[in-house]
Structure formats: structure tokens, C-alpha cells
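Take a look at the structure set out below.
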Amino acid sequence: MTPIQQAKATYEPEDANTFEEDLVWHLYNAYVYSDRETFVMGRPMPRNKLNGKIKNDTLYPVEECDTWFVWLAAGKDPLKRFLEVAPVKMEYVGWHRRGNKLKIYKWKDYERKVDKYGNKN
């Protein structure tokens with residue numbers, strides 16, 4: 001499976017949105033990166049807004065954001081690749097781990113972790 005196919009496969013029929021709906025929303029409003037090895041959808045957000053349910057109906061002005069929230073990532077080392085291709089660096093990077101556990105790292109700490117240990121989160 002390609003990374004984008006892997007990403008799509010994470011969606012369940014009972015999910016609020018389809019993969020295609022989330023992809024289109026991110027294409028219009030946020031950030032999508034895709035190549036043969038990696039697929040990432042993400043958006044800038046204020047870190048203090050990451051504690052609730054994150055939906056695809058709220059945008060924040062970039063100047064109010066301090067965190068890249070990775071909505072979905074798949075493929076080979078997608079979070080490492082995201083650090084390399086993100087349009088701008090922010091103070092933090094965050095994502096929901098399997099089981100919905102929120103992980104937030106300072107950007108520079110996560111870069112060091114990836115450089116030292118690889119992409120094992």
C-alpha cells in the first residue's frame with residue numbers, strides 16, 4: 001500500500017468524516033504533503049486549543065498559532081519527514097497517537113529526538 005492508501009485505511013465507516021472530506025479540507029485550509037514514501041496532513045493551531053476535540057471546521061490565524069498539529073501521517077518516518085518539509089517551524093509539534101493520546105513536543109526537542117533515535121514515538 002502507498003502512504004496515502006495507508007492513511008485512508010485508518011478511517012472507519014462510522015467516523016464523522018471520510019478520508020476524502022478531511023483531505024479536501026486540509027488541501028483548502030491547511031497543509032498536505034505526499035510523496036512515494038510519506039503522507040502528512042497538518043495545520044497550525046494554538047497549543048491551548050489541542051486539549052479538546054479537534055474538528056475540521058475551525059481555523060486559527062497563523063500569527064496566533066504556536067503548534068503544528070499533525071492530523072494524519074502515514075508511510076516511512078512521516079513525522080521526521082514533516083519536520084523537513086513543514087512550510088514554517090513553530091514552537092511545538094503535536095499529534096494524537098493511536099488510542100487518541102495527545103503527544104506534544106517542543107519542535108527543537110522533537111528534532112533532537114528524531115536525530116538521535118529515529119522516528120520511534
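Identifiers in the C-alpha cells: chain A, B, ... in order shown; residue index from 1 per chain; ligand index from 1 in order shown.
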Can you tell me, as a PDB file with N, CA and C atoms, in the first residue's frame, which residues in chain A count as alpha helix (DSSP H) by DSSP?
ATOM      1  N   PRO A   3       1.564   5.288   0.975  1.00  0.00           N
ATOM      2  CA  PRO A   3       1.254   6.035   2.201  1.00  0.00           C
ATOM      3  C   PRO A   3      -0.155   6.634   2.210  1.00  0.00           C
ATOM      4  N   ILE A   4      -0.609   7.177   1.082  1.00  0.00           N
ATOM      5  CA  ILE A   4      -1.950   7.756   1.074  1.00  0.00           C
ATOM      6  C   ILE A   4      -3.011   6.660   1.250  1.00  0.00           C
ATOM      7  N   GLN A   5      -2.771   5.472   0.702  1.00  0.00           N
ATOM      8  CA  GLN A   5      -3.694   4.352   0.911  1.00  0.00           C
ATOM      9  C   GLN A   5      -3.674   3.906   2.380  1.00  0.00           C
ATOM     10  N   GLN A   6      -2.489   3.908   2.991  1.00  0.00           N
ATOM     11  CA  GLN A   6      -2.387   3.579   4.420  1.00  0.00           C
ATOM     12  C   GLN A   6      -3.182   4.579   5.254  1.00  0.00           C
ATOM     13  N   ALA A   7      -3.048   5.862   4.908  1.00  0.00           N
ATOM     14  CA  ALA A   7      -3.773   6.905   5.641  1.00  0.00           C
ATOM     15  C   ALA A   7      -5.277   6.694   5.502  1.00  0.00           C
ATOM     16  N   LYS A   8      -5.733   6.454   4.297  1.00  0.00           N
ATOM     17  CA  LYS A   8      -7.166   6.238   4.066  1.00  0.00           C
ATOM     18  C   LYS A   8      -7.672   5.025   4.838  1.00  0.00           C
ATOM     19  N   ALA A   9      -6.852   3.998   4.951  1.00  0.00           N
ATOM     20  CA  ALA A   9      -7.253   2.765   5.630  1.00  0.00           C
ATOM     21  C   ALA A   9      -7.468   2.957   7.133  1.00  0.00           C
ATOM     22  N   PHE A  19     -12.173  10.061   4.746  1.00  0.00           N
ATOM     23  CA  PHE A  19     -10.815  10.462   4.419  1.00  0.00           C
ATOM     24  C   PHE A  19     -10.834  11.571   3.361  1.00  0.00           C
ATOM     25  N   GLU A  20     -11.661  11.391   2.352  1.00  0.00           N
ATOM     26  CA  GLU A  20     -11.723  12.365   1.266  1.00  0.00           C
ATOM     27  C   GLU A  20     -12.172  13.738   1.766  1.00  0.00           C
ATOM     28  N   GLU A  21     -13.140  13.776   2.669  1.00  0.00           N
ATOM     29  CA  GLU A  21     -13.581  15.059   3.234  1.00  0.00           C
ATOM     30  C   GLU A  21     -12.453  15.740   4.001  1.00  0.00           C
ATOM     31  N   ASP A  22     -11.745  14.976   4.820  1.00  0.00           N
ATOM     32  CA  ASP A  22     -10.630  15.555   5.579  1.00  0.00           C
ATOM     33  C   ASP A  22      -9.501  15.999   4.654  1.00  0.00           C
ATOM     34  N   LEU A  23      -9.222  15.210   3.625  1.00  0.00           N
ATOM     35  CA  LEU A  23      -8.176  15.580   2.674  1.00  0.00           C
ATOM     36  C   LEU A  23      -8.523  16.886   1.958  1.00  0.00           C
ATOM     37  N   VAL A  24      -9.733  16.995   1.472  1.00  0.00           N
ATOM     38  CA  VAL A  24     -10.146  18.223   0.780  1.00  0.00           C
ATOM     39  C   VAL A  24     -10.077  19.418   1.731  1.00  0.00           C
ATOM     40  N   TRP A  25     -10.534  19.244   2.970  1.00  0.00           N
ATOM     41  CA  TRP A  25     -10.477  20.347   3.940  1.00  0.00           C
ATOM     42  C   TRP A  25      -9.028  20.801   4.133  1.00  0.00           C
ATOM     43  N   HIS A  26      -8.120  19.846   4.304  1.00  0.00           N
ATOM     44  CA  HIS A  26      -6.717  20.208   4.503  1.00  0.00           C
ATOM     45  C   HIS A  26      -6.102  20.828   3.248  1.00  0.00           C
ATOM     46  N   LEU A  27      -6.495  20.354   2.078  1.00  0.00           N
ATOM     47  CA  LEU A  27      -5.985  20.959   0.844  1.00  0.00           C
ATOM     48  C   LEU A  27      -6.397  22.426   0.728  1.00  0.00           C
ATOM     49  N   TYR A  28      -7.611  22.742   1.120  1.00  0.00           N
ATOM     50  CA  TYR A  28      -8.110  24.122   1.028  1.00  0.00           C
ATOM     51  C   TYR A  28      -7.656  25.002   2.184  1.00  0.00           C
ATOM     52  N   ASN A  29      -7.506  24.430   3.373  1.00  0.00           N
ATOM     53  CA  ASN A  29      -7.345  25.248   4.582  1.00  0.00           C
ATOM     54  C   ASN A  29      -6.058  25.047   5.356  1.00  0.00           C
ATOM     55  N   PRO A  78       6.979   9.444   8.856  1.00  0.00           N
ATOM     56  CA  PRO A  78       6.243  10.636   8.413  1.00  0.00           C
ATOM     57  C   PRO A  78       6.460  11.863   9.292  1.00  0.00           C
ATOM     58  N   LEU A  79       6.600  11.694  10.596  1.00  0.00           N
ATOM     59  CA  LEU A  79       6.797  12.878  11.440  1.00  0.00           C
ATOM     60  C   LEU A  79       8.191  13.454  11.249  1.00  0.00           C
ATOM     61  N   LYS A  80       9.163  12.602  11.011  1.00  0.00           N
ATOM     62  CA  LYS A  80      10.502  13.090  10.693  1.00  0.00           C
ATOM     63  C   LYS A  80      10.462  13.869   9.383  1.00  0.00           C
ATOM     64  N   ARG A  81       9.805  13.320   8.389  1.00  0.00           N
ATOM     65  CA  ARG A  81       9.715  14.000   7.094  1.00  0.00           C
ATOM     66  C   ARG A  81       8.974  15.329   7.223  1.00  0.00           C
ATOM     67  N   PHE A  82       7.941  15.339   8.055  1.00  0.00           N
ATOM     68  CA  PHE A  82       7.201  16.581   8.268  1.00  0.00           C
ATOM     69  C   PHE A  82       8.117  17.681   8.807  1.00  0.00           C
ATOM     70  N   LEU A  83       9.014  17.344   9.727  1.00  0.00           N
ATOM     71  CA  LEU A  83       9.948  18.341  10.248  1.00  0.00           C
ATOM     72  C   LEU A  83      10.784  18.949   9.122  1.00  0.00           C
ATOM     73  N   GLU A  84      11.055  18.156   8.111  1.00  0.00           N
ATOM     74  CA  GLU A  84      11.881  18.627   6.994  1.00  0.00           C
ATOM     75  C   GLU A  84      11.094  19.477   5.991  1.00  0.00           C
ATOM     76  N   VAL A  85       9.793  19.223   5.850  1.00  0.00           N
ATOM     77  CA  VAL A  85       9.039  19.881   4.772  1.00  0.00           C
ATOM     78  C   VAL A  85       7.988  20.882   5.256  1.00  0.00           C
ATOM     79  N   TRP A 107       9.346  21.797  19.238  1.00  0.00           N
ATOM     80  CA  TRP A 107       9.870  21.470  17.908  1.00  0.00           C
ATOM     81  C   TRP A 107      11.329  21.024  17.992  1.00  0.00           C
ATOM     82  N   LYS A 108      12.164  21.824  18.657  1.00  0.00           N
ATOM     83  CA  LYS A 108      13.598  21.515  18.701  1.00  0.00           C
ATOM     84  C   LYS A 108      13.879  20.235  19.485  1.00  0.00           C
ATOM     85  N   ASP A 109      13.090  19.947  20.533  1.00  0.00           N
ATOM     86  CA  ASP A 109      13.272  18.699  21.277  1.00  0.00           C
ATOM     87  C   ASP A 109      12.908  17.497  20.418  1.00  0.00           C
ATOM     88  N   TYR A 110      11.823  17.622  19.644  1.00  0.00           N
ATOM     89  CA  TYR A 110      11.425  16.524  18.777  1.00  0.00           C
ATOM     90  C   TYR A 110      12.463  16.313  17.662  1.00  0.00           C
ATOM     91  N   GLU A 111      13.014  17.393  17.112  1.00  0.00           N
ATOM     92  CA  GLU A 111      14.078  17.261  16.112  1.00  0.00           C
ATOM     93  C   GLU A 111      15.260  16.485  16.676  1.00  0.00           C
ATOM     94  N   ARG A 112      15.664  16.835  17.903  1.00  0.00           N
ATOM     95  CA  ARG A 112      16.789  16.130  18.534  1.00  0.00           C
ATOM     96  C   ARG A 112      16.450  14.657  18.772  1.00  0.00           C
ATOM     97  N   LYS A 113      15.228  14.379  19.232  1.00  0.00           N
ATOM     98  CA  LYS A 113      14.795  13.007  19.483  1.00  0.00           C
ATOM     99  C   LYS A 113      14.850  12.190  18.191  1.00  0.00           C
ATOM    100  N   VAL A 114      14.331  12.758  17.111  1.00  0.00           N
ATOM    101  CA  VAL A 114      14.318  12.058  15.821  1.00  0.00           C
ATOM    102  C   VAL A 114      15.757  11.845  15.338  1.00  0.00           C
ATOM    103  N   ASP A 115      16.599  12.860  15.460  1.00  0.00           N
ATOM    104  CA  ASP A 115      18.001  12.735  15.022  1.00  0.00           C
ATOM    105  C   ASP A 115      18.720  11.634  15.804  1.00  0.00           C
ATOM    106  N   LYS A 116      18.431  11.542  17.084  1.00  0.00           N
ATOM    107  CA  LYS A 116      19.137  10.594  17.941  1.00  0.00           C
ATOM    108  C   LYS A 116      18.577   9.183  17.848  1.00  0.00           C
ATOM    109  N   TYR A 117      17.245   9.051  17.871  1.00  0.00           N
ATOM    110  CA  TYR A 117      16.630   7.725  17.997  1.00  0.00           C
ATOM    111  C   TYR A 117      15.839   7.285  16.778  1.00  0.00           C
TER     112      TYR A 117
END
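Distance annotation: of A:Gly94, A:Glu12, A:Lys89, A:Leu72, the residue with the minimal separation from Val32 in chain A is A:Leu72; atom set is only C-alpha atoms.
Neighbours of range 40-43 of chain A closer than or equal to 7 Å, with only C-alpha atoms counted and sequence neighbours fewer than 2 positions away skipped, come out as His26, Ala30, Tyr31, Val32, Tyr33, Ser34, Thr38, Met45, Trp68, Phe69, Val70, Trp71, Leu72, Ala73, Ala74 and Pro78 of chain A.
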Could you save the residues just selected, with C-alpha atoms, as a compact mmCIF listing (two decimals), in the first residue's frame?
# COMPACT_ATOMS: atom_id res chain seq x y z
CA HIS A 26 -6.72 20.21 4.50
CA ALA A 30 -4.19 23.69 5.94
CA TYR A 31 -1.25 21.62 4.70
CA VAL A 32 -0.85 18.33 2.83
CA TYR A 33 2.43 16.66 1.91
CA SER A 34 2.60 13.48 -0.13
CA THR A 38 5.22 9.70 3.14
CA MET A 45 -3.03 25.67 15.88
CA TRP A 68 1.84 22.25 14.10
CA PHE A 69 -0.89 19.69 14.72
CA VAL A 70 -0.40 16.62 12.54
CA TRP A 71 -3.91 15.40 11.73
CA LEU A 72 -2.78 12.24 9.95
CA ALA A 73 0.57 10.78 8.92
CA ALA A 74 1.49 7.54 7.20
CA PRO A 78 6.24 10.64 8.41
>> Using DSSP assignments from the backbone, pull out every residue in chain A that falls under strand (DSSP E) and give it to me as JSON, numbers by chain.
In response: {"A": [31, 32, 33, 34, 38, 39, 40, 41, 42, 43, 44, 45, 67, 68, 69, 70, 71, 72, 73, 74, 75, 92, 93, 94, 95, 96, 97, 101, 102, 103, 104, 105, 106]}
